[in-house]
file upload.txt (compact mmCIF, C-alpha atoms)
# COMPACT_ATOMS: atom_id res chain seq x y z
CA MET A 652 10.83 -42.18 23.77
CA LYS A 653 10.35 -39.50 26.40
CA ILE A 654 11.98 -36.18 25.54
CA ASN A 655 12.51 -33.56 28.23
CA VAL A 656 13.38 -29.98 27.38
CA VAL A 657 14.63 -28.03 30.39
CA VAL A 658 14.67 -24.29 29.72
CA VAL A 659 15.73 -21.34 31.84
CA GLY A 660 13.25 -18.48 31.45
CA THR A 661 9.70 -18.22 30.22
CA LEU A 662 8.11 -17.42 26.89
CA LYS A 663 6.56 -13.98 26.89
CA GLU A 664 5.22 -13.14 23.43
CA LYS A 665 2.17 -14.96 22.10
CA TYR A 666 3.81 -15.77 18.77
CA TRP A 667 6.65 -17.68 20.49
CA ILE A 668 4.13 -19.51 22.68
CA ASP A 669 2.07 -20.41 19.60
CA ALA A 670 5.14 -21.59 17.68
CA CYS A 671 6.25 -23.81 20.56
CA LYS A 672 2.76 -25.26 20.97
CA GLU A 673 2.67 -26.12 17.28
CA TYR A 674 5.97 -28.03 17.45
CA GLU A 675 4.99 -29.65 20.75
CA LYS A 676 1.83 -30.95 19.03
CA ARG A 677 3.83 -32.24 16.06
CA ILE A 678 6.44 -33.93 18.29
CA SER A 679 3.71 -35.62 20.37
CA ARG A 680 3.00 -37.82 17.35
CA PHE A 681 6.38 -39.48 17.90
CA HIS A 682 7.47 -38.89 21.50
CA THR A 683 6.23 -37.97 24.94
CA LEU A 684 7.44 -34.39 25.37
CA ASN A 685 7.92 -32.70 28.71
CA ILE A 686 8.86 -28.99 28.85
CA ILE A 687 10.32 -27.95 32.22
CA THR A 688 10.73 -24.23 32.85
CA ILE A 689 13.27 -23.01 35.40
CA ASP A 690 13.06 -19.43 36.67
CA GLU A 691 15.90 -17.21 35.51
CA GLU A 692 17.89 -15.61 38.30
CA LYS A 693 17.60 -11.85 38.55
CA LEU A 694 20.87 -9.95 38.20
CA PRO A 695 21.70 -6.28 38.61
CA LYS A 696 21.92 -4.29 35.35
CA VAL A 697 25.67 -4.16 35.79
CA ALA A 698 26.52 -7.68 36.95
CA SER A 699 29.97 -8.68 38.10
CA GLU A 700 31.56 -12.01 37.18
CA ALA A 701 30.87 -13.14 40.76
CA ASP A 702 27.17 -12.21 40.36
CA ILE A 703 26.97 -14.18 37.12
CA SER A 704 28.76 -17.16 38.64
CA ARG A 705 26.34 -17.21 41.61
CA CYS A 706 23.42 -16.95 39.17
CA LEU A 707 24.64 -19.93 37.12
CA VAL A 708 25.18 -22.04 40.24
CA LYS A 709 21.66 -21.30 41.52
CA GLU A 710 20.09 -22.05 38.14
CA GLY A 711 22.26 -25.15 37.83
CA ASN A 712 21.09 -26.46 41.19
CA ARG A 713 17.47 -26.11 40.04
CA ILE A 714 18.21 -27.73 36.65
CA ASP A 715 20.13 -30.64 38.17
CA LYS A 716 17.09 -32.44 39.58
CA TYR A 717 15.58 -32.68 36.07
CA LEU A 718 18.59 -34.26 34.37
CA LYS A 719 17.47 -37.73 33.35
CA GLY A 720 18.53 -40.20 30.70
CA TYR A 721 20.83 -39.06 27.90
CA ILE A 722 21.67 -35.42 28.58
CA VAL A 723 22.24 -32.89 25.81
CA VAL A 724 23.18 -29.34 26.81
CA LEU A 725 22.97 -26.58 24.27
CA ASP A 726 26.32 -24.84 24.36
CA VAL A 727 27.79 -22.40 21.83
CA MET A 728 31.13 -24.19 22.30
CA GLY A 729 29.59 -27.62 21.73
CA LYS A 730 29.63 -29.95 18.75
CA SER A 731 27.75 -28.90 15.60
CA VAL A 732 25.72 -31.55 13.80
CA ASP A 733 23.31 -31.58 10.87
CA SER A 734 19.67 -32.63 11.19
CA PRO A 735 20.18 -36.27 10.10
CA LYS A 736 22.93 -36.62 12.71
CA LEU A 737 20.63 -35.20 15.40
CA ALA A 738 18.03 -37.80 14.36
CA SER A 739 20.70 -40.47 14.75
CA ILE A 740 21.73 -39.15 18.18
CA ILE A 741 18.13 -39.29 19.40
CA GLU A 742 17.61 -42.78 17.92
CA ASN A 743 20.86 -44.15 19.33
CA SER A 744 20.26 -42.69 22.78
CA SER A 745 17.02 -44.70 22.94
CA LEU A 746 19.07 -47.92 22.80
CA ASN A 747 20.51 -47.28 26.27
CA TYR A 748 18.17 -44.71 27.82
CA ASP A 749 14.42 -44.41 28.20
CA GLN A 750 14.57 -40.63 27.86
CA ILE A 751 16.66 -37.79 26.54
CA THR A 752 16.94 -34.39 28.20
CA PHE A 753 17.86 -31.23 26.30
CA VAL A 754 18.91 -28.23 28.41
CA ILE A 755 18.77 -24.58 27.29
CA GLY A 756 20.46 -22.14 29.66
CA GLY A 757 19.51 -18.58 30.43
CA SER A 758 21.08 -15.30 29.33
CA TYR A 759 24.48 -16.24 30.70
CA GLY A 760 24.47 -19.88 29.65
CA LEU A 761 24.85 -22.88 31.94
CA SER A 762 27.01 -23.71 34.94
CA GLU A 763 30.03 -25.92 34.40
CA MET A 764 28.42 -28.45 36.76
CA ILE A 765 25.52 -28.91 34.31
CA LYS A 766 27.80 -28.94 31.26
CA ASP A 767 29.98 -31.60 32.92
CA LYS A 768 26.98 -33.88 33.41
CA ALA A 769 26.13 -33.81 29.71
CA ASN A 770 26.55 -36.80 27.43
CA LEU A 771 26.70 -34.29 24.58
CA ARG A 772 27.34 -30.56 24.32
CA LEU A 773 25.50 -29.44 21.21
CA SER A 774 25.89 -26.16 19.33
CA PHE A 775 23.45 -24.89 16.73
CA SER A 776 25.80 -22.10 15.71
CA PRO A 777 28.52 -19.81 17.05
CA MET A 778 25.96 -17.00 16.75
CA THR A 779 23.85 -15.75 19.65
CA PHE A 780 20.07 -16.19 19.43
CA PRO A 781 17.25 -14.79 21.56
CA HIS A 782 16.29 -17.36 24.18
CA GLN A 783 12.68 -17.56 23.05
CA LEU A 784 13.60 -18.04 19.39
CA PHE A 785 16.13 -20.71 20.30
CA ARG A 786 13.48 -22.68 22.15
CA VAL A 787 11.39 -22.74 18.96
CA MET A 788 14.47 -23.72 16.94
CA LEU A 789 15.24 -26.67 19.24
CA LEU A 790 11.65 -27.93 19.11
CA GLU A 791 11.64 -27.62 15.32
CA GLN A 792 14.86 -29.64 15.10
CA ILE A 793 13.47 -32.34 17.40
CA TYR A 794 10.41 -32.53 15.14
CA ARG A 795 12.61 -32.60 12.03
CA ALA A 796 14.74 -35.38 13.55
CA SER A 797 11.56 -37.34 14.28
CA THR A 798 10.39 -37.07 10.68
CA ILE A 799 13.81 -38.16 9.43
CA SER A 800 13.79 -41.20 11.73
CA ASN A 801 10.29 -42.13 10.57
CA ASN A 802 10.90 -41.57 6.85
CA ILE A 803 8.30 -38.82 6.67
CA LEU A 804 8.74 -36.20 3.98
CA TYR A 805 9.47 -32.95 5.83
CA HIS A 806 13.24 -32.82 5.93
CA LYS A 807 14.84 -31.37 2.82
call {"tool": "encode", "arguments": {"input": "upload.txt", "output": "structure tokens"}}
result
Amino acid sequence: MKINVVVVGTLKEKYWIDACKEYEKRISRFHTLNIITIDEEKLPKVASEADISRCLVKEGNRIDKYLKGYIVVLDVMGKSVDSPKLASIIENSSLNYDQITFVIGGSYGLSEMIKDKANLRLSFSPMTFPHQLFRVMLLEQIYRASTISNNILYHK
């Protein structure tokens, strides 16, 4: 199955880049993985709600063209699942779709337009995580789900 990961913002520190590359390599054993990076909109230090809304719309318009297959947006208000359930979601989506697209928003999240297009709004936690760390966490969970689906001892 083809897995797309659309992310707003770039990785800056070498250790995050290295961690992502490691999980990308591991995932490639099971899936074709495509990471799509969208530039984060620049906002003033003190941004108004209108500024943030404009930012989300602009980012959303750039994200929209990459939404293909079964769409999963990462949203703090989304549904929480455990790793075996994520494996099941990925497996089941392959029955009706040739690809699955995960979307990670920027500092202010995702536009409602993008959230509304999702087949699933997924939350890892009600906590806030640094964007770069969360990207690693998502890739690790995709890898973990792949090992679960293939009965490979990794998941505990």
call {"tool": "closest_atom_pairs", "arguments": {"input": "upload.txt", "of": "stretch 666-753 of chain A", "to": "stretch 766-786 of chain A", "cutoff": "6 Å", "atoms": "all atoms listed in the file", "output": "tab-separated table"}}
result
residue	atom	partner	partner_atom	distance
A:Ile722	CA	A:Ala769	CA	4.9
A:Val723	CA	A:Leu771	CA	4.8
A:Val724	CA	A:Arg772	CA	5.0
A:Leu725	CA	A:Leu773	CA	4.9
A:Asp726	CA	A:Ser774	CA	5.2
A:Val727	CA	A:Ser774	CA	4.9
A:Gly729	CA	A:Leu773	CA	4.5
A:Lys730	CA	A:Leu773	CA	4.8
A:Ser731	CA	A:Ser774	CA	5.0
call {"tool": "residues_around", "arguments": {"input": "upload.txt", "residues": "A:Ala670", "least_positions_apart": "4", "cutoff": "12 Å", "atoms": "only C-alpha atoms", "output": "list of chain:residue names"}}
result
A:Leu662, A:Glu664, A:Lys665, A:Tyr666, A:Tyr674, A:Glu675, A:Lys676, A:Arg677, A:Gln783, A:Leu784, A:Phe785, A:Arg786, A:Val787, A:Met788, A:Leu789, A:Leu790, A:Glu791
call {"tool": "atom_distance", "arguments": {"input": "upload.txt", "atom1": "atom CA of A:Ile755", "atom2": "atom CA of A:Val657"}}
result
6.2 Å
call {"tool": "residues_around", "arguments": {"input": "upload.txt", "residues": "stretch 797-804 of chain A", "least_positions_apart": "5", "cutoff": "7 Å", "atoms": "only C-alpha atoms", "output": "ChimeraX atom specification"}}
result
/A:681,735,738
call {"tool": "atom_distance", "arguments": {"input": "upload.txt", "atom1": "atom CA of A:Ile793", "atom2": "atom CA of A:Val659"}}
result
18.3 Å
call {"tool": "atom_distance", "arguments": {"input": "upload.txt", "atom1": "atom CA of A:Glu742", "atom2": "atom CA of A:Glu710"}}
result
29.1 Å
call {"tool": "closest_atom_pairs", "arguments": {"input": "upload.txt", "of": "stretch 654-680 of chain A", "to": "stretch 685-691 of chain A", "cutoff": "8 Å", "atoms": "all atoms listed in the file", "output": "tab-separated table"}}
result
residue	atom	partner	partner_atom	distance
A:Ile654	CA	A:Asn685	CA	6.2
A:Asn655	CA	A:Asn685	CA	4.7
A:Val656	CA	A:Ile686	CA	4.9
A:Val657	CA	A:Ile687	CA	4.7
A:Val658	CA	A:Thr688	CA	5.0
A:Val659	CA	A:Ile689	CA	4.6
A:Gly660	CA	A:Glu691	CA	5.0
A:Thr661	CA	A:Thr688	CA	6.6
call {"tool": "closest_residue", "arguments": {"input": "upload.txt", "among": "A:Met728, A:Cys671, A:Leu761, A:Val754", "to": "A:Cys706", "atoms": "only C-alpha atoms"}}
result
A:Leu761
call {"tool": "closest_residue", "arguments": {"input": "upload.txt", "among": "A:Ser734, A:Gln750, A:Ser699, A:Thr683", "to": "A:Gln792", "atoms": "all atoms listed in the file"}}
result
A:Ser734
call {"tool": "residues_around", "arguments": {"input": "upload.txt", "residues": "A:Ile741", "least_positions_apart": "4", "cutoff": "8 Å", "atoms": "all atoms listed in the file", "output": "number ranges by chain"}}
result
A: 737, 745, 751, 796
call {"tool": "closest_residue", "arguments": {"input": "upload.txt", "among": "A:Glu763, A:Asn743, A:Glu673, A:Gly757", "to": "A:Glu692", "atoms": "only C-alpha atoms"}}
result
A:Gly757
